[in-house]
file upload-v9.cif (mmCIF, C-alpha atoms)
data_target
#
loop_
_atom_site.label_atom_id
_atom_site.label_comp_id
_atom_site.auth_asym_id
_atom_site.auth_seq_id
_atom_site.Cartn_x
_atom_site.Cartn_y
_atom_site.Cartn_z
CA MET A 1 148.09 35.88 70.53
CA ASN A 2 144.81 36.54 72.31
CA ILE A 3 142.89 35.57 69.26
CA PHE A 4 145.01 32.47 68.78
CA ILE A 5 144.19 31.17 72.25
CA LYS A 6 140.59 32.24 71.99
CA SER A 7 139.98 30.52 68.68
CA ALA A 8 141.91 27.38 69.59
CA PHE A 9 140.44 26.68 72.98
CA ILE A 10 137.58 28.89 74.00
CA GLU A 11 135.71 29.14 70.74
CA ASN A 12 136.85 25.86 69.28
CA MET A 13 135.64 25.50 65.70
CA VAL A 14 134.35 21.98 66.09
CA LEU A 15 133.08 21.96 69.61
CA ALA A 16 131.51 25.38 69.83
CA TYR A 17 130.44 26.09 66.25
CA PHE A 18 130.13 22.62 64.69
CA LEU A 19 132.32 23.64 61.80
CA GLY A 20 134.00 20.93 59.80
CA MET A 21 131.94 18.15 61.31
CA CYS A 22 131.76 16.00 58.18
CA SER A 23 135.40 15.17 57.84
CA TYR A 24 135.77 15.34 61.61
CA LEU A 25 133.39 12.43 62.06
CA ALA A 26 134.45 10.47 59.01
CA VAL A 27 138.22 10.61 59.37
CA SER A 28 138.44 10.22 63.13
CA LYS A 29 138.63 6.44 63.15
CA SER A 30 142.40 6.30 63.59
CA VAL A 31 144.84 8.77 65.10
CA ASN A 32 147.29 8.65 62.19
CA THR A 33 144.94 9.83 59.49
CA ALA A 34 143.40 12.31 61.89
CA PHE A 35 146.87 13.74 62.47
CA GLY A 36 147.51 14.18 58.75
CA LEU A 37 144.17 15.76 58.06
CA GLY A 38 144.55 18.03 61.07
CA LEU A 39 147.86 19.33 59.78
CA ALA A 40 146.39 19.92 56.34
CA VAL A 41 143.52 21.89 57.86
CA ILE A 42 145.89 24.06 59.92
CA PHE A 43 147.85 24.83 56.79
CA VAL A 44 144.88 25.58 54.57
CA LEU A 45 143.19 27.73 57.21
CA GLY A 46 146.40 29.61 57.97
CA VAL A 47 147.00 30.40 54.30
CA THR A 48 143.49 31.12 53.04
CA MET A 49 142.55 33.43 55.87
CA PRO A 50 145.04 36.24 55.07
CA ILE A 51 144.46 35.84 51.32
CA ASN A 52 140.73 36.16 51.78
CA TRP A 53 141.28 39.12 54.08
CA VAL A 54 143.25 40.89 51.37
CA ILE A 55 140.61 40.05 48.76
CA ASN A 56 137.82 41.26 50.95
CA GLU A 57 139.60 44.46 51.93
CA TYR A 58 141.16 45.55 48.64
CA LEU A 59 138.92 44.08 45.95
CA LEU A 60 135.44 43.78 47.32
CA SER A 61 134.93 46.61 49.75
CA GLU A 62 133.64 49.99 48.74
CA ASN A 63 136.97 51.78 49.06
CA GLY A 64 138.86 48.96 47.37
CA LEU A 65 140.34 48.69 43.91
CA PHE A 66 137.09 48.90 41.96
CA GLY A 67 135.50 51.53 44.15
CA GLN A 68 132.27 49.60 44.31
CA ASP A 69 130.57 47.44 46.87
CA LEU A 70 131.16 43.99 45.42
CA THR A 71 130.56 42.03 48.61
CA PHE A 72 127.93 39.88 46.91
CA LEU A 73 130.81 38.19 45.10
CA ARG A 74 132.37 37.25 48.42
CA PHE A 75 131.15 33.64 48.58
CA ILE A 76 132.30 32.80 45.08
CA LEU A 77 135.74 34.36 45.45
CA PHE A 78 136.38 32.88 48.89
CA ILE A 79 135.47 29.40 47.78
CA ALA A 80 137.67 29.74 44.69
CA VAL A 81 140.68 30.70 46.83
CA ILE A 82 140.02 27.78 49.15
CA ALA A 83 139.62 25.32 46.29
CA SER A 84 142.93 26.32 44.73
CA MET A 85 144.76 26.17 48.09
CA VAL A 86 143.44 22.69 48.68
CA GLN A 87 144.61 21.67 45.25
CA LEU A 88 148.07 22.90 46.21
CA VAL A 89 148.10 20.98 49.48
CA GLU A 90 146.95 17.90 47.64
CA MET A 91 149.87 18.10 45.22
CA VAL A 92 152.37 18.64 48.03
CA VAL A 93 151.06 15.74 50.10
CA GLU A 94 151.03 13.45 47.08
CA LYS A 95 154.66 14.30 46.37
CA PHE A 96 156.07 14.02 49.89
CA SER A 97 153.89 11.46 51.62
CA PRO A 98 152.15 9.04 49.25
CA ALA A 99 151.13 6.85 52.19
CA LEU A 100 149.27 9.68 53.87
CA TYR A 101 147.85 10.66 50.49
CA SER A 102 146.23 7.29 49.97
CA ALA A 103 145.07 7.13 53.59
CA LEU A 104 143.33 10.49 53.35
CA GLY A 105 141.80 9.50 50.03
CA ILE A 106 138.67 11.42 49.23
CA PHE A 107 138.92 13.61 52.30
CA LEU A 108 141.73 15.73 51.00
CA PRO A 109 139.66 17.31 48.23
CA LEU A 110 136.85 17.46 50.74
CA ILE A 111 138.80 20.01 52.77
CA THR A 112 137.43 22.39 50.15
CA VAL A 113 134.00 21.82 51.54
CA ASN A 114 135.23 21.66 55.11
CA CYS A 115 133.02 24.26 56.68
CA ALA A 116 135.73 25.26 59.12
CA ILE A 117 137.70 26.87 56.32
CA LEU A 118 134.95 28.91 54.71
CA GLY A 119 133.39 29.49 58.11
CA GLY A 120 136.67 30.93 59.36
CA SER A 121 136.79 33.36 56.46
CA LEU A 122 133.20 34.42 56.98
CA PHE A 123 133.68 34.86 60.72
CA MET A 124 136.71 36.97 59.96
CA VAL A 125 134.56 39.26 57.82
CA SER A 126 131.67 39.51 60.22
CA ARG A 127 133.95 40.18 63.21
CA GLU A 128 135.96 42.76 61.28
CA TYR A 129 139.40 41.39 62.06
CA ASN A 130 142.51 43.10 60.72
CA LEU A 131 145.29 41.29 58.88
CA SER A 132 147.32 40.06 61.86
CA ASP A 133 144.15 39.11 63.72
CA SER A 134 143.01 37.04 60.79
CA ILE A 135 146.35 35.20 60.57
CA ALA A 136 146.15 34.42 64.29
CA PHE A 137 142.52 33.38 63.92
CA GLY A 138 143.36 31.10 61.01
CA LEU A 139 146.21 29.35 62.77
CA GLY A 140 144.37 29.19 66.09
CA GLY A 141 141.20 27.84 64.54
CA GLY A 142 143.18 25.25 62.62
CA PHE A 143 145.03 24.23 65.76
CA GLY A 144 141.78 23.90 67.67
CA TRP A 145 140.36 21.71 64.92
CA PHE A 146 143.53 19.62 64.96
CA LEU A 147 143.28 19.14 68.74
CA ALA A 148 139.63 18.16 68.57
CA ILE A 149 140.08 15.58 65.83
CA ILE A 150 143.10 13.99 67.50
CA ALA A 151 141.24 13.78 70.79
CA ILE A 152 138.14 12.17 69.30
CA ALA A 153 140.22 9.76 67.21
CA ALA A 154 142.09 8.60 70.31
CA ILE A 155 138.86 8.10 72.24
CA ARG A 156 137.26 6.23 69.36
CA GLU A 157 140.24 3.91 69.07
CA LYS A 158 139.87 2.99 72.72
CA ILE A 159 136.11 2.79 72.82
CA ARG A 160 136.17 -0.03 70.31
CA TYR A 161 136.91 -2.35 73.22
CA SER A 162 133.97 -1.19 75.31
CA ASN A 163 130.55 -2.70 75.40
CA VAL A 164 128.45 -0.18 73.53
CA PRO A 165 124.87 -1.07 72.51
CA PRO A 166 125.02 -2.24 68.87
CA ALA A 167 122.68 0.43 67.55
CA LEU A 168 124.82 3.13 69.10
CA ARG A 169 128.13 1.78 67.86
CA GLY A 170 130.28 3.94 65.63
CA LEU A 171 128.44 7.04 64.58
CA GLY A 172 125.99 7.46 67.42
CA MET A 173 128.75 7.13 69.96
CA ALA A 174 130.90 9.63 68.09
CA PHE A 175 128.15 12.21 68.35
CA ILE A 176 127.68 11.70 72.05
CA LEU A 177 131.43 11.83 72.64
CA THR A 178 131.63 15.08 70.74
CA GLY A 179 128.88 16.48 72.91
CA LEU A 180 130.75 15.49 76.06
CA MET A 181 133.95 17.00 74.73
CA GLY A 182 132.03 20.16 73.93
CA ILE A 183 130.95 20.40 77.54
CA ALA A 184 134.51 19.85 78.69
CA PHE A 185 135.75 22.62 76.42
CA MET A 186 133.04 24.88 77.72
CA SER A 187 134.79 24.94 81.06
CA LEU A 188 137.55 26.93 79.37
CA MET A 189 135.11 29.68 78.57
CA GLY A 190 135.83 31.63 81.72
CA ILE A 191 139.47 32.11 80.76
CA ASP A 192 140.41 35.63 79.86
CA PRO A 193 142.94 35.34 77.04
CA ALA A 194 144.22 38.85 77.67
CA ALA A 195 145.33 37.88 81.16
CA LEU A 196 147.16 34.79 79.85
CA SER A 197 149.37 36.58 77.39
CA GLY A 198 150.07 39.38 79.82
CA ASN A 199 148.62 42.43 78.10
CA MET B 200 113.55 3.74 17.91
CA GLU B 201 111.10 5.19 20.34
CA GLU B 202 112.40 6.34 23.65
CA VAL B 203 110.75 4.81 26.68
CA LYS B 204 108.69 7.52 28.26
CA GLU B 205 109.57 8.17 31.86
CA PRO B 206 106.64 8.92 34.12
CA LEU B 207 106.72 12.36 35.67
CA PHE B 208 106.04 11.06 39.13
CA GLY B 209 106.20 7.27 39.17
CA LYS B 210 107.37 4.82 41.76
CA GLU B 211 111.06 5.48 41.22
CA GLU B 212 110.57 9.20 41.52
CA LYS B 213 108.61 8.82 44.70
CA LYS B 214 111.37 6.71 46.15
CA LEU B 215 113.85 9.49 45.42
CA ILE B 216 111.90 11.77 47.71
CA THR B 217 111.06 9.33 50.49
CA ASP B 218 114.34 7.46 50.70
CA PRO B 219 116.31 10.31 52.25
CA LEU B 220 113.68 10.67 54.95
CA ASN B 221 114.60 7.42 56.63
CA ASP B 222 116.75 4.74 55.02
CA ASN B 223 119.18 7.16 53.53
CA ASN B 224 118.82 10.20 55.72
CA PRO B 225 121.54 12.74 55.00
CA ILE B 226 122.27 13.41 58.66
CA THR B 227 121.77 10.17 60.53
CA VAL B 228 122.88 7.72 57.83
CA GLN B 229 125.09 9.47 55.31
CA VAL B 230 126.51 11.80 58.01
CA LEU B 231 126.81 14.65 55.57
CA GLY B 232 126.13 18.28 56.20
CA ILE B 233 126.19 18.35 59.93
CA CYS B 234 128.71 21.11 59.70
CA SER B 235 126.87 24.21 58.85
CA ALA B 236 123.58 23.88 60.52
CA LEU B 237 123.61 22.45 64.00
CA ALA B 238 124.45 25.75 65.59
CA VAL B 239 121.21 27.25 64.32
CA THR B 240 118.99 24.62 65.91
CA SER B 241 118.70 26.14 69.36
CA LEU B 242 115.39 27.68 68.24
CA VAL B 243 112.77 26.29 65.87
CA TYR B 244 112.24 29.38 63.75
CA PRO B 245 115.80 29.79 62.44
CA SER B 246 115.91 26.03 61.88
CA VAL B 247 112.85 26.26 59.66
CA VAL B 248 114.38 29.13 57.70
CA MET B 249 117.62 27.19 57.36
CA ALA B 250 115.74 24.07 56.26
CA ILE B 251 113.90 25.99 53.55
CA ALA B 252 117.15 27.52 52.35
CA VAL B 253 118.83 24.12 52.16
CA VAL B 254 115.91 22.52 50.32
CA PHE B 255 115.99 25.35 47.79
CA VAL B 256 119.75 25.25 47.26
CA CYS B 257 119.90 21.48 47.19
CA GLY B 258 117.07 21.08 44.69
CA PHE B 259 118.11 23.77 42.28
CA SER B 260 121.84 23.09 42.36
CA SER B 261 121.03 19.47 41.47
CA LEU B 262 118.81 20.66 38.65
CA PHE B 263 121.39 23.03 37.17
CA THR B 264 124.30 20.64 37.58
CA SER B 265 122.30 17.93 35.90
CA LEU B 266 121.40 20.21 33.01
CA LEU B 267 125.05 21.08 32.54
CA ARG B 268 126.41 17.64 33.29
CA ASN B 269 127.51 16.88 29.76
CA ALA B 270 129.15 20.25 29.32
CA ILE B 271 131.24 20.19 32.50
CA PRO B 272 134.79 18.93 31.99
CA LYS B 273 135.75 16.30 34.55
CA GLN B 274 138.83 18.06 35.90
CA VAL B 275 137.16 21.27 36.93
CA ARG B 276 133.79 19.87 37.95
CA MET B 277 134.32 20.69 41.64
CA ILE B 278 134.83 24.35 40.89
CA VAL B 279 131.88 24.49 38.53
CA GLN B 280 129.65 22.85 41.13
CA LEU B 281 130.89 25.23 43.80
CA VAL B 282 130.16 28.22 41.61
CA ILE B 283 126.61 26.98 40.99
CA ILE B 284 126.05 26.44 44.68
CA ALA B 285 127.68 29.71 45.65
CA SER B 286 125.48 31.71 43.29
CA LEU B 287 122.33 30.05 44.61
CA VAL B 288 123.41 30.70 48.18
CA THR B 289 124.12 34.32 47.35
CA LEU B 290 120.54 34.55 46.05
CA VAL B 291 119.19 33.04 49.25
CA GLU B 292 121.27 35.38 51.34
CA MET B 293 120.05 38.46 49.48
CA ALA B 294 116.44 37.32 49.67
CA LEU B 295 116.69 36.66 53.38
CA LYS B 296 118.41 39.98 54.02
CA TYR B 297 115.58 41.72 52.23
CA PHE B 298 112.60 39.88 53.68
CA ASN B 299 113.67 39.00 57.17
CA TYR B 300 116.63 40.95 58.49
CA PRO B 301 116.51 39.78 62.15
CA VAL B 302 116.76 36.14 61.13
CA TYR B 303 119.49 37.03 58.65
CA LYS B 304 121.46 38.57 61.53
CA GLN B 305 120.83 35.55 63.69
CA LEU B 306 121.94 32.99 61.12
CA SER B 307 124.95 35.18 60.23
CA VAL B 308 127.69 33.10 58.65
CA TYR B 309 125.68 29.90 58.62
CA ILE B 310 123.75 30.94 55.52
CA GLY B 311 127.03 31.29 53.66
CA LEU B 312 128.08 27.95 55.01
CA ILE B 313 125.36 26.20 53.02
CA ILE B 314 127.97 26.37 50.24
CA THR B 315 130.21 24.01 52.11
CA ASN B 316 127.33 21.91 53.33
CA CYS B 317 128.59 18.54 52.25
CA ILE B 318 125.11 17.25 51.51
CA VAL B 319 124.64 19.62 48.59
CA MET B 320 128.04 18.80 47.15
CA GLY B 321 127.62 15.11 47.94
CA ARG B 322 124.34 14.84 46.02
CA LEU B 323 125.79 16.69 43.06
CA GLU B 324 128.74 14.31 42.89
CA ALA B 325 126.80 11.15 43.60
CA PHE B 326 123.58 11.75 41.73
CA ALA B 327 123.20 14.87 39.63
CA MET B 328 126.34 14.28 37.58
CA ALA B 329 124.91 11.01 36.28
CA ASN B 330 121.16 11.49 36.08
CA LYS B 331 118.51 13.38 34.16
CA PRO B 332 117.48 16.86 35.36
CA TRP B 333 114.00 16.06 36.68
CA ARG B 334 115.15 13.09 38.74
CA SER B 335 118.16 14.99 40.04
CA PHE B 336 115.87 17.81 41.07
CA LEU B 337 113.71 15.36 43.02
CA ASP B 338 116.74 13.77 44.59
CA GLY B 339 118.02 17.17 45.66
CA LEU B 340 114.64 18.11 47.09
CA GLY B 341 114.31 14.81 48.92
CA ASN B 342 117.68 15.14 50.54
CA GLY B 343 117.02 18.74 51.44
CA ILE B 344 113.77 17.72 53.07
CA GLY B 345 115.33 14.80 54.94
CA TYR B 346 117.96 17.18 56.21
CA GLY B 347 115.49 19.88 57.11
CA ALA B 348 113.27 17.43 58.98
CA ILE B 349 116.12 16.51 61.32
CA LEU B 350 117.01 20.17 61.80
CA ILE B 351 113.49 21.09 62.74
CA ALA B 352 113.15 18.08 65.04
CA VAL B 353 116.35 18.98 66.86
CA GLY B 354 115.29 22.62 67.02
CA PHE B 355 111.92 21.61 68.44
CA ILE B 356 113.39 19.50 71.22
CA ARG B 357 115.98 22.09 72.11
CA GLU B 358 113.60 24.99 72.19
CA VAL B 359 110.78 23.33 74.13
CA PHE B 360 113.06 21.91 76.78
CA GLY B 361 115.61 24.68 76.83
CA LYS B 362 113.42 27.76 76.67
CA GLY B 363 109.86 26.57 77.20
CA SER B 364 108.71 28.35 74.07
CA LEU B 365 108.03 27.49 70.45
CA PHE B 366 108.77 29.48 67.29
CA ALA B 367 110.33 32.29 69.32
CA GLY B 368 111.09 35.31 67.17
CA SER B 369 108.49 34.50 64.53
CA PRO B 370 104.98 35.97 64.14
CA ILE B 371 103.39 32.82 65.57
CA GLU B 372 105.50 32.72 68.70
CA MET B 373 104.06 30.51 71.41
CA LYS B 374 105.05 30.45 75.04
CA LEU B 375 104.43 26.99 76.35
CA ILE B 376 105.75 26.69 79.84
CA GLY B 377 107.53 29.11 82.12
CA SER B 378 107.24 31.09 85.31
CA THR B 379 105.78 34.38 84.08
CA PRO B 380 102.06 34.97 83.35
CA GLU B 381 102.33 35.18 79.56
CA TYR B 382 103.24 31.49 79.30
CA PHE B 383 100.50 29.02 78.44
CA ILE B 384 101.39 26.75 81.34
CA ASN B 385 102.70 29.14 83.88
CA VAL B 386 104.15 27.63 86.96
CA ALA B 387 103.95 30.64 89.24
CA ALA B 388 102.45 29.85 92.61
CA GLU B 389 99.11 31.62 92.04
CA SER B 390 98.26 29.69 88.86
CA GLY B 391 96.44 26.38 88.88
CA TRP B 392 99.24 24.60 87.06
CA GLU B 393 101.57 25.02 89.99
CA THR B 394 100.56 21.76 91.66
CA TRP B 395 101.44 19.74 88.57
CA PHE B 396 104.41 21.53 87.16
CA SER B 397 106.15 22.93 90.22
CA TRP B 398 109.20 20.82 89.34
CA TYR B 399 109.64 22.63 86.07
CA ALA B 400 112.77 24.60 85.26
CA ASN B 401 114.33 25.40 81.90
CA ASN B 402 117.00 22.92 81.00
CA ASN B 403 119.91 25.17 80.14
CA LEU B 404 121.94 22.26 78.81
CA MET B 405 119.60 22.15 75.82
CA VAL B 406 120.65 25.63 74.77
CA LEU B 407 124.33 24.70 74.71
CA PRO B 408 125.74 23.43 71.41
CA ALA B 409 126.62 20.11 73.01
CA ALA B 410 122.95 19.26 73.41
CA ALA B 411 122.51 19.10 69.63
CA MET B 412 125.18 16.41 69.51
CA PHE B 413 123.44 14.39 72.21
CA ILE B 414 120.07 14.68 70.51
CA ILE B 415 121.42 13.53 67.17
CA GLY B 416 123.35 10.73 68.84
CA VAL B 417 120.17 9.52 70.50
CA MET B 418 118.21 9.91 67.24
CA ILE B 419 120.75 7.70 65.50
CA TRP B 420 120.43 5.22 68.32
CA ILE B 421 116.66 5.08 68.07
CA GLN B 422 116.66 4.89 64.29
CA ARG B 423 119.20 2.10 64.20
CA SER B 424 117.64 0.02 66.90
CA TRP B 425 114.49 -0.21 64.85
CA ASN B 426 116.06 -0.17 61.42
CA THR B 427 118.72 -2.77 62.17
CA LYS B 428 120.17 -2.97 58.68
CA LEU B 429 121.82 0.38 59.29
CA VAL B 430 123.88 -0.81 62.25
CA ASP B 431 127.59 -0.09 61.98
CA ILE B 432 129.45 -3.39 62.10
CA SER B 433 132.94 -2.06 62.69
#

call {"tool": "encode", "arguments": {"input": "upload-v9.cif", "output": "structure tokens"}}
result
Amino acid sequence: MNIFIKSAFIENMVLAYFLGMCSYLAVSKSVNTAFGLGLAVIFVLGVTMPINWVINEYLLSENGLFGQDLTFLRFILFIAVIASMVQLVEMVVEKFSPALYSALGIFLPLITVNCAILGGSLFMVSREYNLSDSIAFGLGGGFGWFLAIIAIAAIREKIRYSNVPPALRGLGMAFILTGLMGIAFMSLMGIDPAALSGN
Amino acid sequence: MEEVKEPLFGKEEKKLITDPLNDNNPITVQVLGICSALAVTSLVYPSVVMAIAVVFVCGFSSLFTSLLRNAIPKQVRMIVQLVIIASLVTLVEMALKYFNYPVYKQLSVYIGLIITNCIVMGRLEAFAMANKPWRSFLDGLGNGIGYGAILIAVGFIREVFGKGSLFAGSPIEMKLIGSTPEYFINVAAESGWETWFSWYANNNLMVLPAAAMFIIGVMIWIQRSWNTKLVDIS
């Protein structure tokens, strides 16, 4: 629970580590598509994280299945897991929500190269999380990403009516907004997640 | 029938390198690849290392993908491309670990994240899958350089204003402005600079991640106000 709160709010993937910026900036023009993509990211992060944890722990590490240090294969294996998970999500979305599928268009396969996903897995390795930590981190990180993209999409929908200098319109404004949101999220940094969940 | 000989470095080829520097810059125009690298730009030195790594990966993954382009089946091309990129990144990671461990520690997961750097993938999809190896290689290099240039520029602004130093952590570290004697312009009361620079204090905002967003936002603003064909109409 600590890790969930920490990764969702205090160390928000987008606003503190710039992970997953590409699709974050490109898909945040309307709240609806942002919502769909956010859900997909939560799912993919939540599923790939434990799988990658198992792979890292039981296949690649020195006391794993092969008894050899195979960590140099980490990147390739992680990305393969992510790519196949994304394929799965794509098939599910296509089946159950064709409207969302066509709205997300190219960005669904692009979740594969959404840095938040691979970044999450790599953070998990470098911070030496255990299995339950990595599940919490996956879900929390996904939720944080979801929150951030919904927030920016809502602001961008509104800001269309404001008088922004033409050269700053669209992209430039999105960057500056993200910066401001980052500062706002930074005020959460003082929170001690252990105190919140009561342990 | 004689094949038309393509010049090794003609006008077209030159355009492939220079285009991404301004009109088609990966960061400010295509908005690709912001993900993995902004967090490393709080200092110049790691940004330079990151830029070199991206140029290398971008150029060579384009080259290899282009060489294999006729052998890659359409359905699995994503995975093939990812494997090419991932192996190159693994090489970079090992090299960096060997030659410069402190920077390797500092960049931590961001080296691995070059794999998911959309600019590499984007160039493979958009260019290398349909063009000859040499031109793809140039295209990859050009985009890597356009990307690296922005990284280094952002790193420069953030380090000078945020820390008062330049190239901190590298052999050619310079201390530009600060309040202790080892700085070039030192604003302690007994030094002569004090009268001019007494207002100076490190701008801590620049060290925060948010500053990178502001700087890029302003860069986009400047670029578009003088290159008006790039302005977003929507």

call {"tool": "resolve_selection", "arguments": {"input": "upload-v9.cif", "expression": "the PyMOL selection byres ((chain A) within 9 of (chain B))", "output": "PyMOL selection string"}}
result
chain A and resi 14-23+25-26+72-76+79-80+83+110+112-116+118-119+122-123+126+160+165-183

call {"tool": "atom_distance", "arguments": {"input": "upload-v9.cif", "atom1": "atom CA of Gly141 of chain A", "atom2": "atom CA of Gly38 of chain A"}}
result
10.9 Å

call {"tool": "atom_distance", "arguments": {"input": "upload-v9.cif", "atom1": "atom CA of Leu287 of chain B", "atom2": "atom CA of Phe137 of chain A"}}
result
28.1 Å

call {"tool": "resolve_selection", "arguments": {"input": "upload-v9.cif", "expression": "the PyMOL selection byres ((chain B and resi 254-259) around 6)", "output": "count of residues only"}}
result
12

call {"tool": "atom_distance", "arguments": {"input": "upload-v9.cif", "atom1": "atom CA of Pro332 of chain B", "atom2": "atom CA of Arg276 of chain B"}}
result
16.8 Å

call {"tool": "residues_around", "arguments": {"input": "upload-v9.cif", "residues": "Leu88 of chain A", "least_positions_apart": "4", "cutoff": "12 Å", "atoms": "all atoms listed in the file", "output": "PyMOL selection string"}}
result
chain A and resi 40+43-44+47-48+81-84+92-95+108-109+111-112

call {"tool": "write_last_selection", "arguments": {"input": "upload-v9.cif", "atoms": "C-alpha atoms", "output": "PDB file, in the coordinates of the input"}}
result
ATOM      1  CA  ALA A  40     146.390  19.920  56.340  1.00  0.00           C
ATOM      2  CA  PHE A  43     147.850  24.830  56.790  1.00  0.00           C
ATOM      3  CA  VAL A  44     144.880  25.580  54.570  1.00  0.00           C
ATOM      4  CA  VAL A  47     147.000  30.400  54.300  1.00  0.00           C
ATOM      5  CA  THR A  48     143.490  31.120  53.040  1.00  0.00           C
ATOM      6  CA  VAL A  81     140.680  30.700  46.830  1.00  0.00           C
ATOM      7  CA  ILE A  82     140.020  27.780  49.150  1.00  0.00           C
ATOM      8  CA  ALA A  83     139.620  25.320  46.290  1.00  0.00           C
ATOM      9  CA  SER A  84     142.930  26.320  44.730  1.00  0.00           C
ATOM     10  CA  VAL A  92     152.370  18.640  48.030  1.00  0.00           C
ATOM     11  CA  VAL A  93     151.060  15.740  50.100  1.00  0.00           C
ATOM     12  CA  GLU A  94     151.030  13.450  47.080  1.00  0.00           C
ATOM     13  CA  LYS A  95     154.660  14.300  46.370  1.00  0.00           C
ATOM     14  CA  LEU A 108     141.730  15.730  51.000  1.00  0.00           C
ATOM     15  CA  PRO A 109     139.660  17.310  48.230  1.00  0.00           C
ATOM     16  CA  ILE A 111     138.800  20.010  52.770  1.00  0.00           C
ATOM     17  CA  THR A 112     137.430  22.390  50.150  1.00  0.00           C
TER      18      THR A 112
END

call {"tool": "resolve_selection", "arguments": {"input": "upload-v9.cif", "expression": "the PyMOL selection byres ((chain A and resi 156) around 8)", "output": "ChimeraX atom specification"}}
result
/A:28-30,152-155,157-160,174

call {"tool": "closest_residue", "arguments": {"input": "upload-v9.cif", "among": "A:Thr33, A:Asn2, A:Asn130, A:Asn56", "to": "Phe78 of chain A", "atoms": "only C-alpha atoms"}}
result
A:Asn56

call {"tool": "decode", "arguments": {"input": "upload-v9.cif", "residues": "segment 150-170 of chain A", "atoms": "C-alpha atoms", "output": "PDB file, in the first residue's frame"}}
result
ATOM      1  CA  ILE A 150      -6.717  12.735 -17.489  1.00  0.00           C
ATOM      2  CA  ALA A 151      -5.725  15.953 -15.755  1.00  0.00           C
ATOM      3  CA  ILE A 152      -3.735  17.300 -18.694  1.00  0.00           C
ATOM      4  CA  ALA A 153      -6.433  16.287 -21.179  1.00  0.00           C
ATOM      5  CA  ALA A 154      -9.058  18.173 -19.174  1.00  0.00           C
ATOM      6  CA  ILE A 155      -6.870  21.269 -18.974  1.00  0.00           C
ATOM      7  CA  ARG A 156      -6.077  21.130 -22.677  1.00  0.00           C
ATOM      8  CA  GLU A 157      -9.755  20.865 -23.559  1.00  0.00           C
ATOM      9  CA  LYS A 158     -10.438  24.033 -21.614  1.00  0.00           C
ATOM     10  CA  ILE A 159      -7.392  25.966 -22.686  1.00  0.00           C
ATOM     11  CA  ARG A 160      -8.543  25.850 -26.276  1.00  0.00           C
ATOM     12  CA  TYR A 161     -10.786  28.798 -25.456  1.00  0.00           C
ATOM     13  CA  SER A 162      -8.008  30.917 -24.011  1.00  0.00           C
ATOM     14  CA  ASN A 163      -5.922  33.429 -25.823  1.00  0.00           C
ATOM     15  CA  VAL A 164      -2.575  31.706 -26.139  1.00  0.00           C
ATOM     16  CA  PRO A 165       0.129  33.187 -28.409  1.00  0.00           C
ATOM     17  CA  PRO A 166      -0.090  31.319 -31.735  1.00  0.00           C
ATOM     18  CA  ALA A 167       3.455  29.990 -31.618  1.00  0.00           C
ATOM     19  CA  LEU A 168       2.836  28.508 -28.198  1.00  0.00           C
ATOM     20  CA  ARG A 169      -0.474  26.896 -29.055  1.00  0.00           C
ATOM     21  CA  GLY A 170      -0.848  23.156 -28.714  1.00  0.00           C
TER      22      GLY A 170
END
